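Here is data.cif, consisting of mmCIF, C-alpha atoms:
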data_model
#
loop_
_atom_site.label_atom_id
_atom_site.label_comp_id
_atom_site.auth_asym_id
_atom_site.auth_seq_id
_atom_site.Cartn_x
_atom_site.Cartn_y
_atom_site.Cartn_z
CA MET A 11 0.00 0.00 0.00
CA ARG A 12 1.02 3.57 -0.60
CA HIS A 13 -0.99 6.77 -0.27
CA PHE A 14 -1.59 8.28 -3.71
CA GLY A 15 -0.21 5.09 -5.23
CA TYR A 16 -3.04 5.06 -7.78
CA ILE A 17 -1.71 8.28 -9.35
CA PRO A 18 0.59 7.60 -12.35
CA PRO A 19 4.31 7.85 -11.45
CA ALA A 20 4.96 10.84 -13.70
CA ALA A 21 2.14 12.83 -12.08
CA ARG A 22 3.28 11.79 -8.59
CA GLU A 23 6.75 13.03 -9.36
CA GLY A 24 5.35 16.45 -10.16
CA LEU A 25 3.19 16.55 -7.03
CA PHE A 26 5.68 15.40 -4.44
CA PHE A 27 9.03 16.65 -3.20
CA ARG A 28 9.18 13.35 -1.31
CA GLU A 29 6.75 10.61 -2.21
CA PRO A 30 4.78 8.63 0.41
CA CYS A 31 6.40 5.43 1.60
CA GLU A 32 5.10 1.93 0.94
CA PHE A 33 3.69 -0.13 3.82
CA THR A 34 1.87 -3.39 4.45
CA ALA A 35 -0.43 -4.82 7.10
CA ASP A 36 2.72 -6.22 8.73
CA SER A 37 4.43 -2.82 9.06
CA PRO A 38 5.22 -1.47 12.55
CA ALA A 39 2.22 -0.22 14.49
CA SER A 40 3.82 3.21 14.85
CA LEU A 41 3.72 3.62 11.08
CA LEU A 42 0.28 2.07 10.55
CA SER A 43 -1.35 4.30 13.15
CA VAL A 44 -0.28 7.35 11.15
CA ALA A 45 -1.08 5.72 7.80
CA LEU A 46 -4.76 4.98 8.56
CA GLY A 47 -5.80 8.25 6.98
CA ALA A 48 -9.47 8.39 6.03
CA THR A 49 -10.93 5.23 7.58
CA LEU A 50 -14.02 4.41 5.54
CA TYR A 51 -16.94 2.70 7.32
CA SER A 52 -19.32 0.29 5.56
CA PRO A 53 -22.25 -1.74 6.93
CA ALA A 54 -21.37 -5.44 7.17
CA THR A 55 -24.70 -6.31 5.54
CA ARG A 56 -23.68 -5.25 2.03
CA PRO A 57 -23.88 -8.28 -0.28
CA THR A 58 -21.16 -6.85 -2.54
CA LEU A 59 -18.79 -6.04 0.31
CA ALA A 60 -15.73 -7.78 -1.20
CA ASP A 61 -16.22 -5.91 -4.47
CA ASP A 62 -16.74 -2.67 -2.57
CA VAL A 63 -13.49 -3.13 -0.65
CA MET A 64 -11.51 -3.73 -3.82
CA LYS A 65 -13.13 -0.77 -5.55
CA GLN A 66 -12.30 1.61 -2.70
CA ALA A 67 -8.76 0.26 -2.42
CA GLY A 68 -8.29 1.16 -6.08
CA ARG A 69 -9.42 4.70 -5.26
CA GLY A 70 -6.88 5.22 -2.51
CA VAL A 71 -8.60 3.93 0.64
CA VAL A 72 -6.05 2.20 2.89
CA SER A 73 -8.24 1.45 5.92
CA MET A 74 -11.85 0.31 6.20
CA VAL A 75 -14.19 -0.68 9.03
CA LEU A 76 -16.91 -3.23 8.31
CA CYS A 77 -19.56 -2.46 10.86
CA LEU A 78 -21.73 -4.82 12.89
CA GLU A 79 -22.83 -2.13 15.32
CA ASP A 80 -24.81 1.10 14.89
CA SER A 81 -24.88 1.05 11.08
CA ILE A 82 -27.12 -2.04 10.99
CA ASP A 83 -30.43 -3.02 12.58
CA ASP A 84 -30.36 -5.25 15.67
CA ALA A 85 -32.26 -7.92 13.74
CA GLU A 86 -29.57 -8.03 11.04
CA VAL A 87 -26.60 -8.99 13.19
CA VAL A 88 -26.68 -12.77 12.63
CA ASP A 89 -26.97 -12.42 8.86
CA ALA A 90 -24.33 -9.70 8.84
CA GLU A 91 -21.87 -11.95 10.65
CA ALA A 92 -22.45 -14.72 8.12
CA ASN A 93 -22.01 -12.23 5.30
CA LEU A 94 -18.72 -11.06 6.76
CA VAL A 95 -17.37 -14.61 6.80
CA ARG A 96 -18.33 -15.04 3.14
CA GLN A 97 -16.89 -11.71 2.09
CA PHE A 98 -13.60 -12.18 3.96
CA THR A 99 -13.24 -15.60 2.35
CA ALA A 100 -13.71 -14.00 -1.07
CA LEU A 101 -11.19 -11.29 -0.21
CA ALA A 102 -8.66 -13.88 0.93
CA GLU A 103 -8.95 -15.60 -2.44
CA ARG A 104 -8.35 -12.31 -4.25
CA ASP A 105 -5.45 -11.45 -1.95
CA ALA A 106 -3.79 -14.74 -2.89
CA THR A 107 -3.72 -13.54 -6.51
CA GLY A 108 -1.85 -10.37 -5.55
CA ALA A 109 -4.78 -7.98 -5.30
CA GLY A 110 -3.93 -5.22 -2.84
CA LEU A 111 -6.23 -5.07 0.17
CA PRO A 112 -6.60 -2.17 2.57
CA LEU A 113 -6.31 -2.59 6.32
CA LEU A 114 -9.62 -4.18 7.32
CA PHE A 115 -11.25 -3.93 10.73
CA VAL A 116 -14.58 -5.20 12.05
CA ARG A 117 -16.63 -3.08 14.42
CA VAL A 118 -18.28 -5.49 16.83
CA ARG A 119 -20.99 -5.06 19.43
CA GLU A 120 -19.89 -7.49 22.13
CA PRO A 121 -16.55 -9.09 23.14
CA GLY A 122 -17.74 -12.60 22.26
CA GLN A 123 -18.06 -11.63 18.61
CA ILE A 124 -14.30 -11.20 18.38
CA THR A 125 -13.39 -14.78 19.26
CA ASP A 126 -16.37 -16.19 17.38
CA LEU A 127 -15.61 -14.35 14.14
CA VAL A 128 -11.91 -15.18 14.22
CA ASP A 129 -12.79 -18.84 14.66
CA ARG A 130 -15.33 -18.77 11.81
CA LEU A 131 -12.97 -16.95 9.45
CA GLY A 132 -10.44 -19.77 9.51
CA THR A 133 -7.52 -19.07 7.17
CA ALA A 134 -9.30 -15.98 5.81
CA VAL A 135 -8.38 -14.25 9.07
CA ARG A 136 -5.11 -13.26 7.39
CA THR A 137 -7.04 -10.46 5.63
CA LEU A 138 -8.21 -9.02 8.97
CA SER A 139 -6.18 -6.33 10.74
CA GLY A 140 -8.26 -6.05 13.88
CA PHE A 141 -11.42 -4.85 15.59
CA VAL A 142 -13.08 -1.55 16.45
CA LEU A 143 -14.36 -1.56 20.02
CA PRO A 144 -17.46 0.60 20.60
CA LYS A 145 -18.47 2.63 23.67
CA PHE A 146 -15.11 1.97 25.27
CA THR A 147 -14.67 2.40 29.03
CA GLU A 148 -12.24 0.69 31.38
CA LYS A 149 -14.72 -2.00 32.50
CA ARG A 150 -16.29 -2.66 29.12
CA GLY A 151 -13.08 -2.14 27.18
CA THR A 152 -11.05 -4.62 29.21
CA LEU A 153 -13.47 -7.38 28.22
CA PHE A 154 -12.99 -6.49 24.56
CA LEU A 155 -9.21 -6.38 24.87
CA GLU A 156 -9.09 -9.72 26.68
CA ALA A 157 -11.18 -11.26 23.90
CA LEU A 158 -8.81 -9.77 21.33
CA GLU A 159 -5.84 -11.27 23.12
CA GLU A 160 -7.56 -14.66 23.19
CA ALA A 161 -8.45 -14.48 19.50
CA GLU A 162 -4.94 -13.45 18.58
CA ALA A 163 -3.46 -16.40 20.44
CA ALA A 164 -5.93 -18.76 18.73
CA CYS A 165 -5.19 -17.62 15.18
CA GLY A 166 -1.50 -16.85 15.59
CA GLN A 167 -1.82 -13.47 13.91
CA ARG A 168 -1.32 -9.91 15.11
CA LEU A 169 -4.69 -8.20 15.61
CA PHE A 170 -5.11 -4.55 16.50
CA ALA A 171 -7.75 -2.77 18.55
CA MET A 172 -9.23 0.64 17.82
CA PRO A 173 -11.35 1.69 20.81
CA VAL A 174 -14.12 4.21 20.16
CA LEU A 175 -14.51 6.83 22.88
CA GLU A 176 -18.22 7.68 22.80
CA SER A 177 -19.87 6.70 26.07
CA PRO A 178 -22.14 9.17 27.93
CA GLU A 179 -19.96 8.75 31.02
CA LEU A 180 -17.08 10.29 29.09
CA LEU A 181 -19.24 13.21 27.99
CA HIS A 182 -20.76 14.01 31.39
CA LEU A 183 -18.65 16.45 33.35
CA GLU A 184 -19.05 14.75 36.74
CA THR A 185 -17.68 11.41 35.49
CA ARG A 186 -15.34 12.48 32.67
CA GLY A 187 -12.10 12.64 34.62
CA GLU A 188 -12.55 9.25 36.26
CA VAL A 189 -13.61 7.60 32.99
CA LEU A 190 -10.65 9.07 31.12
CA GLN A 191 -8.21 7.79 33.73
CA GLY A 192 -9.79 4.34 33.51
CA ILE A 193 -9.53 4.32 29.73
CA ALA A 194 -5.89 5.39 30.02
CA ARG A 195 -5.14 2.47 32.34
CA SER A 196 -6.77 -0.10 30.09
CA VAL A 197 -5.24 1.03 26.79
CA ASP A 198 -1.82 1.43 28.37
CA LYS A 199 -1.93 -2.19 29.55
CA TYR A 200 -2.55 -3.31 25.95
CA ARG A 201 -0.46 -0.57 24.32
CA ASP A 202 1.12 -2.90 21.74
CA ARG A 203 -2.32 -3.80 20.37
CA VAL A 204 -4.06 -0.41 20.46
CA LEU A 205 -3.46 1.05 17.02
CA ALA A 206 -5.48 4.24 17.44
CA LEU A 207 -8.30 5.76 19.45
CA ARG A 208 -11.41 6.93 17.63
CA LEU A 209 -13.92 9.59 18.72
CA GLY A 210 -17.66 8.92 18.52
CA VAL A 211 -18.89 12.50 18.24
CA THR A 212 -22.30 11.50 16.87
CA ASP A 213 -22.99 9.63 20.12
CA PHE A 214 -21.81 12.65 22.13
CA CYS A 215 -24.29 14.87 20.29
CA SER A 216 -27.02 12.27 20.72
CA ALA A 217 -26.73 12.43 24.51
CA TYR A 218 -27.97 16.02 24.37
CA GLY A 219 -30.27 15.78 21.36
CA LEU A 220 -27.86 17.77 19.18
CA ARG A 221 -26.83 17.56 15.54
CA ARG A 222 -24.38 19.95 13.96
CA ALA A 223 -25.25 21.68 10.69
CA PRO A 224 -23.09 21.43 7.53
CA ASP A 225 -21.49 24.79 8.24
CA MET A 226 -20.49 23.80 11.79
CA THR A 227 -17.51 21.72 12.82
CA ALA A 228 -17.43 19.45 15.85
CA TYR A 229 -15.39 22.15 17.59
CA ASP A 230 -18.21 24.68 17.17
CA VAL A 231 -20.39 22.48 19.38
CA GLN A 232 -18.69 23.48 22.59
CA ILE A 233 -19.82 20.54 24.70
CA VAL A 234 -18.22 18.23 22.11
CA GLY A 235 -15.13 20.37 21.67
CA SER A 236 -14.49 20.24 25.41
CA VAL A 237 -14.52 16.42 25.36
CA ILE A 238 -12.10 16.30 22.43
CA ALA A 239 -9.77 18.64 24.29
CA ASP A 240 -9.84 16.49 27.42
CA VAL A 241 -9.29 13.25 25.46
CA VAL A 242 -6.23 14.74 23.77
CA ASN A 243 -5.05 16.15 27.11
CA VAL A 244 -5.00 12.72 28.75
CA LEU A 245 -4.47 10.31 25.85
CA GLY A 246 -2.72 12.29 23.11
CA ARG A 247 0.41 13.59 24.82
CA ALA A 248 3.68 13.82 22.89
CA ASP A 249 5.81 12.48 25.75
CA GLY A 250 5.66 8.83 24.66
CA THR A 251 2.53 7.99 26.65
CA GLY A 252 0.05 9.17 24.04
CA PHE A 253 -1.84 7.42 21.23
CA THR A 254 -2.91 8.39 17.74
CA ILE A 255 -6.40 9.86 18.04
CA SER A 256 -8.49 10.09 14.88
CA GLY A 257 -10.82 12.89 13.90
CA PRO A 258 -14.62 12.52 14.20
CA VAL A 259 -16.96 11.63 11.38
CA TRP A 260 -18.37 14.25 9.01
CA GLU A 261 -22.02 13.41 8.35
CA TYR A 262 -22.74 15.32 5.14
CA PHE A 263 -22.03 14.43 1.53
CA ARG A 264 -23.11 14.95 -2.04
CA ARG A 265 -22.15 13.41 -5.35
CA GLN A 266 -18.96 15.49 -5.61
CA GLU A 267 -17.30 13.51 -8.38
CA ARG A 268 -19.94 14.41 -10.98
CA MET A 269 -20.04 18.05 -9.96
CA PHE A 270 -16.26 18.42 -10.06
CA LYS A 271 -15.68 16.89 -13.51
CA PRO A 272 -15.63 20.24 -15.37
CA GLN A 273 -13.20 21.69 -12.85
CA LEU A 274 -10.97 18.62 -12.90
CA ARG A 275 -10.49 18.93 -16.65
CA ARG A 276 -8.80 22.29 -15.98
CA SER A 277 -6.85 21.42 -12.84
CA PRO A 278 -3.06 21.42 -12.42
CA PHE A 279 -1.39 18.28 -13.77
CA LEU A 280 -4.46 18.05 -16.02
CA GLU A 281 -3.59 21.12 -18.13
CA GLY A 282 -5.07 24.16 -16.43
CA SER A 283 -6.08 26.10 -13.30
CA ALA A 284 -7.65 24.71 -10.11
CA GLU A 285 -9.42 27.92 -9.10
CA GLU A 286 -12.86 26.68 -10.16
CA LEU A 287 -12.35 23.50 -8.17
CA ARG A 288 -11.50 25.62 -5.14
CA THR A 289 -14.80 27.48 -5.59
CA ALA A 290 -16.70 24.23 -6.08
CA LEU A 291 -15.38 22.86 -2.82
CA ILE A 292 -16.95 25.77 -0.95
CA GLU A 293 -20.20 25.71 -2.90
CA HIS A 294 -20.85 21.98 -2.53
CA ASP A 295 -20.79 21.53 1.26
CA LEU A 296 -17.14 20.53 1.58
CA ASP A 297 -16.08 23.78 3.19
CA GLY A 298 -17.20 22.57 6.64
CA LEU A 299 -15.37 19.28 6.21
CA LEU A 300 -12.16 21.04 5.17
CA ARG A 301 -12.32 23.39 8.15
CA GLU A 302 -12.91 20.46 10.49
CA ILE A 303 -9.94 18.52 9.10
CA GLU A 304 -7.73 21.56 9.69
CA LEU A 305 -9.09 21.89 13.23
CA ASP A 306 -8.50 18.18 13.82
CA ARG A 307 -4.83 18.71 13.02
CA ALA A 308 -4.60 21.86 15.14
CA ASN A 309 -6.08 19.95 18.09
CA GLY A 310 -3.74 16.97 17.86
CA LEU A 311 -5.90 14.52 15.87
CA LEU A 312 -4.73 12.56 12.83
CA GLY A 313 -6.83 10.79 10.21
CA LYS A 314 -10.62 10.74 10.22
CA THR A 315 -13.62 8.45 10.41
CA CYS A 316 -15.47 8.65 7.07
CA ILE A 317 -18.90 7.37 6.07
CA HIS A 318 -18.77 8.37 2.40
CA PRO A 319 -16.07 7.77 -0.24
CA SER A 320 -16.15 11.43 -1.31
CA HIS A 321 -14.53 12.40 2.00
CA VAL A 322 -11.43 10.27 1.48
CA ALA A 323 -9.60 12.46 -1.04
CA PRO A 324 -9.91 15.68 1.03
CA VAL A 325 -8.67 13.94 4.18
CA HIS A 326 -5.65 12.51 2.37
CA ALA A 327 -4.87 15.70 0.47
CA LEU A 328 -4.82 17.69 3.72
CA SER A 329 -2.63 15.03 5.36
CA VAL A 330 0.26 15.66 2.95
CA VAL A 331 3.04 17.70 4.57
CA SER A 332 3.72 21.00 2.85
CA HIS A 333 7.22 21.81 1.69
CA GLU A 334 7.33 24.65 4.23
CA GLU A 335 6.34 22.39 7.14
CA PHE A 336 8.90 19.80 6.07
CA THR A 337 11.69 22.37 5.81
CA ASP A 338 10.91 23.78 9.25
CA ALA A 339 10.76 20.31 10.82
CA GLN A 340 14.07 19.28 9.31
CA ASP A 341 15.76 22.48 10.50
CA ILE A 342 14.44 22.03 14.04
CA LEU A 343 15.67 18.43 14.24
CA ARG A 344 19.17 18.96 12.87
CA PRO A 345 21.68 17.27 15.25
CA GLU A 346 23.60 20.50 15.74
CA ARG A 347 20.41 22.05 17.12
CA GLY A 348 20.17 19.56 19.98
CA GLY A 349 21.05 22.24 22.51
CA GLY A 350 18.09 24.41 21.63
CA GLY A 351 17.96 27.97 20.45
CA VAL A 352 15.91 29.93 17.94
CA LEU A 353 16.37 30.10 14.17
CA ARG A 354 14.65 31.86 11.34
CA SER A 355 12.55 29.68 9.07
CA ALA A 356 14.01 29.03 5.62
CA TYR A 357 10.77 30.60 4.33
CA THR A 358 11.70 33.76 6.34
CA ASN A 359 8.17 34.07 7.73
CA LYS A 360 8.50 32.70 11.26
CA MET A 361 10.87 31.79 14.07
CA ASN A 362 11.46 28.13 14.92
CA GLU A 363 12.22 27.48 18.58
CA VAL A 364 14.12 24.20 18.68
CA LYS A 365 13.07 22.82 22.06
CA PRO A 366 9.37 23.87 22.13
CA HIS A 367 8.82 22.83 18.50
CA ARG A 368 10.70 19.52 18.62
CA ALA A 369 7.66 17.32 19.30
CA TRP A 370 5.77 19.06 16.49
CA ALA A 371 8.70 18.48 14.14
CA GLU A 372 8.93 14.78 15.02
CA ARG A 373 5.21 14.31 14.45
CA THR A 374 5.42 16.21 11.14
CA LEU A 375 8.22 13.99 9.81
CA ARG A 376 6.24 10.85 10.73
CA ARG A 377 3.33 12.19 8.71
CA ALA A 378 5.70 13.12 5.88
CA GLU A 379 6.96 9.55 5.69
CA VAL A 380 3.45 8.16 5.20
CA PHE A 381 1.68 10.91 3.21
CA GLY A 382 4.67 12.47 1.49
CA VAL A 383 5.89 16.03 1.14
CA ALA A 384 4.30 18.25 -1.50
CA SER A 385 6.49 19.97 -4.04
CA GLU A 386 7.17 23.60 -3.27
CA ASP A 387 4.55 24.96 -5.66
CA VAL A 388 1.89 22.30 -4.96
CA GLY A 389 -1.06 22.94 -2.64
CA PHE A 390 -4.11 21.17 -1.29
CA VAL A 391 -6.30 21.77 -4.35
CA ASP A 392 -3.66 20.28 -6.64
CA LEU A 393 -3.47 17.14 -4.51
CA LEU A 394 -7.24 16.90 -4.25
CA ALA A 395 -7.69 17.29 -7.99
CA ALA A 396 -5.21 14.49 -8.63
CA GLY A 397 -7.01 12.27 -6.14
CA LEU A 398 -10.48 12.92 -7.51
CA THR A 399 -9.52 11.95 -11.05
CA LYS A 400 -9.33 8.27 -10.05
#
Have the structure of the file written as structure tokens, please.
Amino acid sequence: MRHFGYIPPAAREGLFFREPCEFTADSPASLLSVALGATLYSPATRPTLADDVMKQAGRGVVSMVLCLEDSIDDAEVVDAEANLVRQFTALAERDATGAGLPLLFVRVREPGQITDLVDRLGTAVRTLSGFVLPKFTEKRGTLFLEALEEAEAACGQRLFAMPVLESPELLHLETRGEVLQGIARSVDKYRDRVLALRLGVTDFCSAYGLRRAPDMTAYDVQIVGSVIADVVNVLGRADGTGFTISGPVWEYFRRQERMFKPQLRRSPFLEGSAEELRTALIEHDLDGLLREIELDRANGLLGKTCIHPSHVAPVHALSVVSHEEFTDAQDILRPERGGGGVLRSAYTNKMNEVKPHRAWAERTLRRAEVFGVASEDVGFVDLLAAGLTK
């Protein structure tokens, strides 16, 4: 797998100062947690799930969650589990022929589903990367993580957990601190298997009967923004104790691909200007998504839960490290700067303080390895246009 790997090599060379690295499901967890990018959710009931997975992989999706929880009716669970076994078996057969699969996770409802599904998958379990654990608290989450450990021992394969932080106890002010500390204890105990933490903002809003409008980000809903801040405060620290925390889902979408076709024919690397695409992004309800992705980054989140394929390209385009960011990060981390100090940015527009900015620089270079570094004259719209042409 490689982000933007579907773009022809010649076009990639023009877009990137440094191209994204290649990785596999067996790569180190530290790399995979950054590489998740836009994690696309799909109900496990879809009869064409294997075909859907392959289609989205060809469009640049590198991580998917096949959902047995809130995206399906309670009465559909048994059939959905059987469908998952069939679809994973079909995917295993395709994988044996060299077809590239994304990282695949199953969102379960109860701990027992983890061991049961791994047993039923048989050899097809090799196409599974792990499980998403809903409504995660210390008490409930420990049961999930113990089941994961048991399933991993039974199949002999590394399986990751992605807990979802969405319980009302985490939202409520009087219990938030205690719940956060409990979550921290449980995920720290299983640190090697916790790939990333995910935020269930829709559930947070539900607890108060709220739903944000298309022009509002999760951070505009202050009760939600306060929870995100506290989660990052406790679980996202840059001192070696923190975890990758992904951005919340964006609920709105339209058929962007059809609307953007005229603009894409005149975009950079496709013989023309991207200004009309920039306007189209604002006019077609993507402006809120773009602002939220930027705020995710500013608040310490990386990657994003996505429920529609049209959201994948914007998330990945905004994950690419700019040439300016890369230059600053490299300057800050030069060995001769180990003692600290202040230096002027190579772009002559800011001061880089070596010690305070070191953690930012390290995080930026990890992102650069996975998503690449844009060429000096390449911006977000150029990267998005290239992604949307697939």
Please identify all polymer residues within 12 Å of Arg344 in chain A, counting only C-alpha atoms, omitting same-chain residues fewer than 3 positions from it, and present them as a PyMOL selection string. chain A and resi 337-341+347-351+353+364-365+368+371-372
So that I can check the surroundings of Leu76 in chain A, please list as a count of residues only every protein, DNA and RNA residue that reaches within 8 Å of it, counting all atoms listed in the file and ignoring chain neighbours fewer than 3 positions away. 8
Given the file shown, enumerate the residues that the PyMOL selection byres ((chain A and resi 319) around 12) captures and present them as a ChimeraX atom specification. /A:48-52,62-63,65-74,260-267,315-318,320-326,397-398,400
Assuming the chain letters and numbering stay as they are in my file, what does the PyMOL selection byres ((chain A and resi 131-136) around 7) actually select? List them as a tab-separated table (two decimals) with C-alpha atoms, in the frame of the given file.
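Result went into part.tsv, see below:
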chain	number	residue	atom	x	y	z
A	95	VAL	CA	-17.37	-14.61	6.80
A	98	PHE	CA	-13.60	-12.18	3.96
A	99	THR	CA	-13.24	-15.60	2.35
A	102	ALA	CA	-8.66	-13.88	0.93
A	127	LEU	CA	-15.61	-14.35	14.14
A	128	VAL	CA	-11.91	-15.18	14.22
A	129	ASP	CA	-12.79	-18.84	14.66
A	130	ARG	CA	-15.33	-18.77	11.81
A	137	THR	CA	-7.04	-10.46	5.63
A	138	LEU	CA	-8.21	-9.02	8.97
For this structure, which residues satisfy the selection - the PyMOL selection byres ((chain A and resi 300) around 10) - when it is evaluated on the file as given? I want them as a PyMOL selection string. chain A and resi 227+260+291-292+295-299+301-306+321+324-325+328
Grab the CA of Ser216 in chain A to CA of Glu176 in chain A distance for me, in Å with one decimal place. 10.1 Å
Measuring between all atoms listed in the file, which one of A:Phe154, A:Gln97, A:Gly192, A:Cys215 shows the shortest distance to Val118 in chain A? A:Phe154
Go through A:Pro112, A:Pro18, A:Pro121, A:Gly310 and flag the residue nearest Asp36 in chain A, using all atoms listed in the file for the distances.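 Of A:Pro112, A:Pro18, A:Pro121, A:Gly310, the one nearest Asp36 in chain A is A:Pro112, counting all atoms listed in the file.
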Shortest interatomic distance to Ser332 in chain A - which of A:Pro366, A:Gly389, A:Gly187, A:Gly313, counting only C-alpha atoms: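 Comparing A:Pro366, A:Gly389, A:Gly187, A:Gly313 against Ser332 in chain A, the winner is A:Gly389.
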Nearest-residue call for Gly250 in chain A, choices A:Glu120, A:Leu209, A:Arg201, A:Ala356, using only C-alpha atoms: A:Arg201
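You can rank A:Val330, A:Ala396, A:Leu175, A:Ala157 by their closest distance to Leu312 in chain A using only C-alpha atoms, and at the top of that list sits A:Val330.
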With all atoms listed in the file as the atoms that count, which of A:Arg104, A:Arg168, A:Arg373, A:Arg195 lies nearest to Glu148 in chain A?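 Selected residue with least distance to Glu148 in chain A: A:Arg195.
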Box for range 31-49 of chain A - axis-aligned, 6 Å on each of the six sides, all listed atoms - centre and size in Å to one decimal, as lines of an AutoDock Vina configuration file.
center_x = -2.3
center_y = 1.1
center_z = 7.9
size_x = 29.3
size_y = 26.6
size_z = 25.9
Go ahead and compute the interatomic distance for CA of Glu379 in chain A and CA of Glu29 in chain A, in Å to one decimal. 8.0 Å
Leaving out Asn243 in chain A and any residue of its chain fewer than 2 positions from it, which residues lie within 12 Å of it when counting all atoms listed in the file, given as an NGL selection string? :A and (187 or 190-191 or 194 or 236-241 or 245-249 or 251-253 or 255 or 309-311)
